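Pasted below: entry_2.tsv, TSV, C-alpha atoms.
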chain	number	residue	atom	x	y	z
R	114	MET	CA	94.81	62.16	119.39
R	115	ALA	CA	93.08	58.82	119.04
R	116	ILE	CA	94.94	55.89	117.48
R	117	LEU	CA	92.24	55.70	114.86
R	118	PRO	CA	90.70	58.96	113.66
R	119	PRO	CA	86.91	59.14	114.13
R	120	GLY	CA	84.75	58.38	111.13
R	121	GLU	CA	83.15	60.92	108.86
R	122	GLY	CA	80.44	63.04	110.39
R	123	TRP	CA	81.47	62.36	114.00
R	124	PHE	CA	80.84	65.96	114.93
R	125	HIS	CA	77.09	65.66	114.35
R	126	GLN	CA	76.68	62.27	115.96
R	127	LYS	CA	74.78	62.04	119.22
R	128	VAL	CA	77.02	61.67	122.27
R	129	ALA	CA	76.62	58.20	123.76
R	130	LYS	CA	75.12	57.82	127.24
R	131	ASP	CA	78.26	56.28	128.80
R	132	GLU	CA	80.40	59.14	127.49
R	133	LYS	CA	77.99	61.65	128.99
R	134	ILE	CA	78.21	59.82	132.33
R	135	TRP	CA	82.02	59.94	132.21
R	136	MET	CA	82.01	63.65	131.41
R	137	GLY	CA	79.52	64.26	134.21
R	138	LEU	CA	81.64	62.30	136.69
R	139	ALA	CA	84.79	64.18	135.65
R	140	PHE	CA	82.95	67.48	136.14
R	141	VAL	CA	81.67	66.46	139.58
R	142	VAL	CA	85.20	65.40	140.66
R	143	SER	CA	86.63	68.74	139.43
R	144	VAL	CA	84.04	70.74	141.36
R	145	PHE	CA	84.59	68.58	144.47
R	146	LEU	CA	88.37	69.08	144.28
R	147	PHE	CA	87.92	72.81	143.81
R	148	PHE	CA	85.95	73.13	147.05
R	149	TRP	CA	88.20	70.60	148.79
R	150	MET	CA	91.11	72.95	148.10
R	151	ILE	CA	89.32	75.69	150.05
R	152	ILE	CA	88.33	73.32	152.89
R	153	TRP	CA	91.94	72.07	153.05
R	154	HIS	CA	93.24	75.62	153.32
R	155	VAL	CA	90.84	76.64	156.08
R	156	TYR	CA	90.72	73.49	158.23
R	157	ALA	CA	93.86	71.46	157.52
R	158	LYS	CA	96.32	74.29	158.23
R	159	GLN	CA	98.53	73.04	155.42
R	160	ASN	CA	99.07	76.35	153.68
R	161	PRO	CA	100.34	79.47	155.38
R	162	SER	CA	97.79	82.28	155.44
R	163	PHE	CA	99.71	85.25	154.26
R	164	VAL	CA	99.23	88.86	153.28
R	165	THR	CA	101.52	90.78	150.98
R	166	TYR	CA	102.06	94.53	150.99
R	167	LYS	CA	103.86	96.70	148.51
R	168	THR	CA	106.88	98.46	149.95
R	169	THR	CA	110.29	99.82	148.97
R	170	PRO	CA	113.67	98.70	150.33
R	171	GLU	CA	114.08	102.19	151.86
R	172	GLU	CA	110.72	102.08	153.63
R	173	PHE	CA	111.18	98.53	154.88
R	174	TYR	CA	114.69	99.34	156.10
R	175	ALA	CA	113.38	102.39	157.99
R	176	LEU	CA	110.62	100.31	159.59
R	177	THR	CA	113.03	97.52	160.59
R	178	GLU	CA	115.49	100.05	162.03
R	179	ALA	CA	112.69	101.66	164.06
R	180	PHE	CA	111.53	98.23	165.20
R	181	ILE	CA	115.07	97.29	166.28
R	182	ASN	CA	115.60	100.58	168.13
R	183	LYS	CA	112.30	100.18	169.95
R	184	TYR	CA	112.76	96.63	171.21
R	185	LYS	CA	116.53	96.05	171.24
R	186	VAL	CA	117.83	94.07	174.22
R	187	GLY	CA	121.35	93.27	173.08
R	188	GLU	CA	123.63	92.29	170.26
R	189	GLU	CA	125.01	88.99	168.98
R	190	ASN	CA	127.97	88.98	166.56
R	191	GLY	CA	127.05	92.48	165.47
R	192	VAL	CA	123.42	91.56	164.83
R	193	PRO	CA	120.88	93.30	167.06
R	194	VAL	CA	118.74	91.11	169.32
R	195	VAL	CA	115.17	92.25	169.91
R	196	LYS	CA	112.43	91.08	172.24
R	197	PRO	CA	109.18	92.43	170.84
R	198	PRO	CA	105.70	92.05	172.32
R	199	PRO	CA	103.20	89.85	170.40
R	200	GLY	CA	102.06	91.54	167.20
R	201	ASP	CA	104.03	92.93	164.30
R	202	VAL	CA	107.67	91.89	164.06
R	203	PHE	CA	110.11	92.75	161.29
R	204	LEU	CA	112.76	90.55	159.74
R	205	LEU	CA	115.06	91.99	157.12
R	206	ALA	CA	117.03	89.89	154.65
R	207	ARG	CA	120.12	91.35	153.03
R	208	GLN	CA	123.35	90.08	151.54
R	209	PHE	CA	124.39	88.17	153.68
R	210	ARG	CA	122.53	88.32	156.95
R	211	TRP	CA	119.17	88.27	158.63
R	212	GLU	CA	118.42	90.95	161.14
R	213	PRO	CA	117.44	91.17	163.89
R	214	VAL	CA	117.66	88.07	166.09
R	215	LEU	CA	114.15	87.66	167.49
R	216	ILE	CA	113.25	86.54	170.99
R	217	LEU	CA	109.63	85.41	171.02
R	218	LYS	CA	107.30	83.97	173.60
R	219	LYS	CA	105.81	80.51	173.22
R	220	GLY	CA	102.08	80.46	172.49
R	221	GLU	CA	101.83	84.12	171.47
R	222	GLU	CA	100.85	85.24	167.99
R	223	TYR	CA	103.28	87.23	165.86
R	224	ARG	CA	102.86	88.80	162.45
R	225	PHE	CA	106.19	88.44	160.69
R	226	HIS	CA	106.90	91.15	158.13
R	227	ILE	CA	109.65	89.75	155.92
R	228	SER	CA	111.31	91.52	153.02
R	229	SER	CA	114.65	91.84	151.28
R	230	LEU	CA	116.84	94.87	150.88
R	231	ASP	CA	118.63	93.73	147.74
R	232	VAL	CA	118.06	90.44	145.93
R	233	LEU	CA	115.80	87.41	146.23
R	234	HIS	CA	116.36	85.48	149.45
R	235	GLY	CA	114.67	82.45	150.95
R	236	PHE	CA	113.31	82.23	154.48
R	237	SER	CA	113.82	78.69	155.69
R	238	LEU	CA	112.99	78.04	159.33
R	239	GLN	CA	114.95	75.09	160.68
R	240	PRO	CA	114.53	72.44	161.97
R	241	VAL	CA	110.76	72.83	161.44
R	242	ASN	CA	111.41	73.26	157.72
R	243	MET	CA	109.08	76.06	156.69
R	244	ASN	CA	110.15	77.76	153.47
R	245	PHE	CA	109.10	81.04	151.92
R	246	MET	CA	110.56	83.28	149.26
R	247	VAL	CA	111.64	86.78	150.27
R	248	TYR	CA	111.45	89.41	147.56
R	249	PRO	CA	112.66	92.98	147.59
R	250	LYS	CA	109.85	95.57	147.27
R	251	TYR	CA	107.26	93.21	148.77
R	252	ASP	CA	106.43	92.82	152.45
R	253	TYR	CA	105.42	89.19	152.99
R	254	VAL	CA	103.41	88.92	156.19
R	255	LEU	CA	103.18	85.53	157.88
R	256	THR	CA	101.30	84.86	161.07
R	257	PHE	CA	103.23	82.58	163.43
R	258	ARG	CA	102.40	81.14	166.82
R	259	PRO	CA	105.50	79.37	168.19
R	260	THR	CA	104.40	76.15	169.83
R	261	SER	CA	107.66	74.95	171.35
R	262	ALA	CA	110.53	76.71	173.03
R	263	GLY	CA	114.06	76.57	171.70
R	264	GLU	CA	116.47	78.07	169.22
R	265	TYR	CA	115.59	78.06	165.55
R	266	ALA	CA	117.85	78.88	162.64
R	267	VAL	CA	116.69	80.98	159.71
R	268	VAL	CA	118.61	79.77	156.68
R	269	CYS	CA	118.63	81.49	153.31
R	270	ASN	CA	117.54	78.90	150.78
R	271	GLU	CA	117.73	80.96	147.59
R	272	PHE	CA	121.25	81.42	146.28
R	273	CYS	CA	121.85	85.13	146.87
R	274	GLY	CA	125.57	85.56	146.22
R	275	ILE	CA	129.04	84.63	147.38
R	276	GLY	CA	128.20	84.71	151.10
R	277	HIS	CA	124.89	82.85	150.77
R	278	HIS	CA	126.05	79.91	152.89
R	279	MET	CA	126.86	82.25	155.78
R	280	MET	CA	123.41	83.85	155.82
R	281	ILE	CA	121.98	82.29	158.94
R	282	GLY	CA	119.65	84.11	161.29
R	283	LYS	CA	118.18	83.10	164.62
R	284	ILE	CA	114.81	83.02	166.33
R	285	ILE	CA	114.70	82.18	170.03
R	286	VAL	CA	111.43	81.01	171.53
R	287	GLU	CA	111.14	81.33	175.30
R	288	GLU	CA	108.68	79.62	177.64
L	44	MET	CA	84.30	72.97	97.91
L	45	SER	CA	80.72	73.21	99.10
L	46	GLU	CA	81.27	70.23	101.46
L	47	GLU	CA	84.35	71.85	102.99
L	48	LYS	CA	82.40	74.98	103.79
L	49	LYS	CA	79.93	72.95	105.83
L	50	THR	CA	82.61	71.74	108.29
L	51	PRO	CA	81.74	73.41	111.60
L	52	PHE	CA	84.37	75.63	113.16
L	53	LEU	CA	84.56	73.57	116.38
L	54	GLN	CA	85.16	70.41	114.38
L	55	LEU	CA	88.12	72.09	112.71
L	56	VAL	CA	89.48	72.96	116.15
L	57	PHE	CA	88.91	69.50	117.63
L	58	ASP	CA	90.46	67.80	114.62
L	59	ASP	CA	93.72	69.74	114.89
L	60	PHE	CA	95.59	68.17	117.81
L	61	ILE	CA	98.53	70.58	117.50
L	62	LEU	CA	96.11	73.47	117.86
L	63	LEU	CA	94.49	71.77	120.87
L	64	LEU	CA	97.91	71.31	122.46
L	65	PHE	CA	98.68	74.98	121.86
L	66	ILE	CA	95.32	76.14	123.28
L	67	GLY	CA	95.74	73.85	126.29
L	68	VAL	CA	99.03	75.53	127.18
L	69	ALA	CA	98.32	79.08	126.00
L	70	VAL	CA	94.98	79.57	127.78
L	71	TYR	CA	96.47	78.78	131.20
L	72	ALA	CA	99.76	80.57	130.53
L	73	ILE	CA	97.97	83.77	129.56
L	74	SER	CA	95.26	83.64	132.22
L	75	TYR	CA	97.76	82.89	135.03
L	76	LEU	CA	100.03	85.65	133.75
L	77	ILE	CA	97.15	88.14	133.77
L	78	TRP	CA	96.06	86.93	137.22
L	79	GLY	CA	99.61	87.40	138.54
L	80	LEU	CA	99.93	90.86	137.04
L	81	MET	CA	96.56	91.84	138.55
L	82	GLU	CA	97.67	90.57	141.97
L	83	ILE	CA	100.88	92.60	141.78
L	84	ALA	CA	99.10	95.71	140.53
L	85	TRP	CA	96.50	95.63	143.31
L	86	LEU	CA	98.81	94.98	146.25
L	87	PRO	CA	98.10	97.42	149.07
L	88	PRO	CA	100.88	99.37	150.81
L	89	ILE	CA	101.89	98.60	154.41
L	90	PRO	CA	98.99	99.83	156.60
L	91	ASP	CA	99.45	103.25	158.19
L	92	GLU	CA	98.83	101.95	161.72
L	93	VAL	CA	101.79	99.56	161.42
L	94	LYS	CA	104.00	102.42	160.22
L	95	GLN	CA	102.72	104.86	162.83
L	96	ALA	CA	103.38	102.40	165.66
L	97	LEU	CA	107.06	102.33	164.74
L	98	LEU	CA	107.82	105.62	163.03
L	99	GLY	CA	105.35	107.78	164.96
L	100	ARG	CA	104.09	109.59	161.86
Show the structure stored in the file as structure tokens.
Amino acid sequence: MAILPPGEGWFHQKVAKDEKIWMGLAFVVSVFLFFWMIIWHVYAKQNPSFVTYKTTPEEFYALTEAFINKYKVGEENGVPVVKPPPGDVFLLARQFRWEPVLILKKGEEYRFHISSLDVLHGFSLQPVNMNFMVYPKYDYVLTFRPTSAGEYAVVCNEFCGIGHHMMIGKIIVEE
Amino acid sequence: MSEEKKTPFLQLVFDDFILLLFIGVAVYAISYLIWGLMEIAWLPPIPDEVKQALLGR
């Protein structure tokens, strides 16, 4: 709202040239920013390129169990440790743990399938600080290529219940 | 009365700043809601080849 209301008959008055120029400039900036958003996504690698699939907790659990059984190499504090080849890997969030522990190879490309068995969880990869929400009934697929070797913690960053603070998973990247 | 009838519809809209505020919020709220619902409704299931590689069926 203007401080002073426009005079009578403003609706039929001709729009002034400078106002038209301002509107034109605003339009050009909006269109530029719209396409910049796409360029940013494709070339700047700022946003994760993800795919989402519909699933059920039962189906995702069965797939994760099959994945664990296929590539299991050990166990750590009761959590299975798997060493899968590059490609599809599964990570299941549940109250209050992540499973399995993943051993990945540096420089290889992995498609992370992440979903929850019960409530909303948060996938927070530390210390690189990448954060994604993990919903039940949806398989969130993220493509990762680990670029440095080491041990990474997967912290739940959505409050999921009384044991939320203990929900810490692990990803190991080998040379 | 006859003068009031001549007021164009768009002028009535532009003159009502509460209505403009409402439209400014409602248009995006509704369109983003519909967009979100469409996204959820059209999500594909996990591809069969991913399932077959693990479950063998």
Distance cut-off 6 Å, counting only C-alpha atoms - which residues of chain L neighbour chain R? Return them as a PDB file with C-alpha atoms, in the frame of the given file.
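Saved result, out_4.pdb, follows:
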ATOM      1  CA  LEU L  86      98.810  94.980 146.250  1.00  0.00           C
ATOM      2  CA  PRO L  87      98.100  97.420 149.070  1.00  0.00           C
ATOM      3  CA  PRO L  88     100.880  99.370 150.810  1.00  0.00           C
ATOM      4  CA  ILE L  89     101.890  98.600 154.410  1.00  0.00           C
ATOM      5  CA  LEU L  97     107.060 102.330 164.740  1.00  0.00           C
TER       6      LEU L  97
END
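Going from CA of Val214 (chain R) to CA of Lys283 (chain R) covers 5.2 Å.
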Problem - Who sits within 7 Å of Glu288 (chain R), only C-alpha atoms, same chain under 3 positions skipped, as JSON, numbers by chain - result: {"R": [218, 219, 262]}
Exercise for the section: Using only C-alpha atoms, determine which residues lie at most 8 Å from region 239-244 of chain R, disregarding the query and same-chain residues fewer than 6 positions distant; provide the list as an NGL selection string. Expected result: :R and (265-268 or 270)
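Distances to Val194 (chain R) were evaluated for R:Glu132, R:Asp231, R:Glu212, R:Glu271 using all atoms listed in the file, and the minimum falls at R:Glu212.
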Handout entry: Two-atom distance - CA of Asp59 (chain L), CA of Val128 (chain R) (Å)
Key = 20.0 Å
Exercise for the section: Place a sphere of radius 10 Å on (102.1, 84.4, 165.8) in the file coordinates and name every protein, DNA or RNA residue with an atom inside or on its surface, counting all atoms listed in the file; give the answer as a ChimeraX atom specification. Expected result: /R:199-202,217-225,255-260
At a cut-off of 10 Å around the point (120.1, 87.1, 161.2) (file coordinates), what residues fall inside when counting all atoms listed in the file? I'd like the answer as a compact mmCIF listing (two decimals) with C-alpha atoms, in the coordinates of the input.
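The result, written out as part26.txt:
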# COMPACT_ATOMS: atom_id res chain seq x y z
CA GLU R 189 125.01 88.99 168.98
CA ASN R 190 127.97 88.98 166.56
CA GLY R 191 127.05 92.48 165.47
CA VAL R 192 123.42 91.56 164.83
CA PRO R 193 120.88 93.30 167.06
CA VAL R 194 118.74 91.11 169.32
CA LEU R 204 112.76 90.55 159.74
CA LEU R 205 115.06 91.99 157.12
CA ALA R 206 117.03 89.89 154.65
CA ARG R 207 120.12 91.35 153.03
CA PHE R 209 124.39 88.17 153.68
CA ARG R 210 122.53 88.32 156.95
CA TRP R 211 119.17 88.27 158.63
CA GLU R 212 118.42 90.95 161.14
CA PRO R 213 117.44 91.17 163.89
CA VAL R 214 117.66 88.07 166.09
CA LEU R 215 114.15 87.66 167.49
CA ALA R 266 117.85 78.88 162.64
CA VAL R 267 116.69 80.98 159.71
CA VAL R 268 118.61 79.77 156.68
CA CYS R 269 118.63 81.49 153.31
CA MET R 279 126.86 82.25 155.78
CA MET R 280 123.41 83.85 155.82
CA ILE R 281 121.98 82.29 158.94
CA GLY R 282 119.65 84.11 161.29
CA LYS R 283 118.18 83.10 164.62
CA ILE R 284 114.81 83.02 166.33
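Across the model, the gap from CA of Leu233 (chain R) to CA of Ile83 (chain L) is 16.4 Å.
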